[in-house]
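For reference, the structure is listed below as structure tokens.
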Amino acid sequence: MITKEAEVILNRKGARKVNEIPKEVLQLLQQGKVESVNLTEWLAINHIELLKNVLPSIGLKNSLECIVAELEKQNVETGMKVIRITGTLLDEIILKENEGNKEDILLKLSDHISDSVRCWAAFMNKKSNNTLKDTLTYIRPFAADHHFGVREIAWMSIREDLSQNIEESVELLVEWAKSEDENIRRFSVESTRPRGVWSKHIEILKQEPEK
């Protein structure tokens with residue numbers, strides 16, 4: 001049974017400023033127990049604290065120290081940059097130390113209640129032998145995620161892959177544009193937008209949009 005206090009937290013609208021986020025809400029966000037409900041909360045999460053709470057629960061306690069050390073070295077705790085670095089570090093560690101459990105770990109991260117943890121996962125599963133179709137197949141659940149942050153990270157995480165072979169990308173994403181899922185349709189457009197707000201521009205589409 002959900003208590004009245006828990007219901008209030010789950011149904012909150014979200015603070016307008018970071019310093020207005022209730023202490024108990026920020027604590028739950030950094031424990032990975034609730035999702036963020038707006039950009040203010042999303043940007044406020046300390047990912048080092050989140051890692052400390054999440055990794056031991058998915059069998060990666062031994063990897064925590066080296067990941068935290070690298071994040072501290074790069075002086076990142078919040079925002080887009082820390083998500084990208086965390087996903088990359090987790091990917092490298094799994095390949096080196098936990099390859100046998102890779103699928104299980106990816107599933108736990110991809111299905112985690114925390115939208116920030118799912119964002120880490122969107123930056124994972126980077127393999128040198130992946131085809132563009134493989135990459136899109138992996139990212140599709142994130143592109144369809146109910147959370148705005150995960151959907152945004154989804155296209156950002158593979159934009160470079162798409163831009164490196166734009167003709168094949170467009171060919172594959174044409175089918176996505178026909179999807180019944182509006183989030184998948186939106187992804188097909190956002191991921192190949194020539195002038196990305198939060199990402200590098202795709203120069204060839206700026207010069208030759210007919211492609």
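Letters A, B, ... go to the chains of the structure tokens in the order shown; residues in each chain start at 1; ligands are counted from 1 in the same order.
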Stretch 58-71 of chain A: which residues within 8 Å, counting only C-alpha atoms, same-chain residues fewer than 5 positions away excluded, as a PyMOL selection string? chain A and resi 48+51-52+76-77+82+85-86+89-90+93+105+108
List the neighbours of A:Thr135 out to 12 Å using only C-alpha atoms; skip same-chain residues closer than 2 positions along the sequence, and give me the result as a ChimeraX atom specification. /A:122-133,137-143,154-155,157-162,169,172
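Restricting the calculation to only C-alpha atoms, the smallest distance between A:Lys17 and any of A:Val189, A:Leu136, A:Val34, A:Ala44 is found for A:Ala44.
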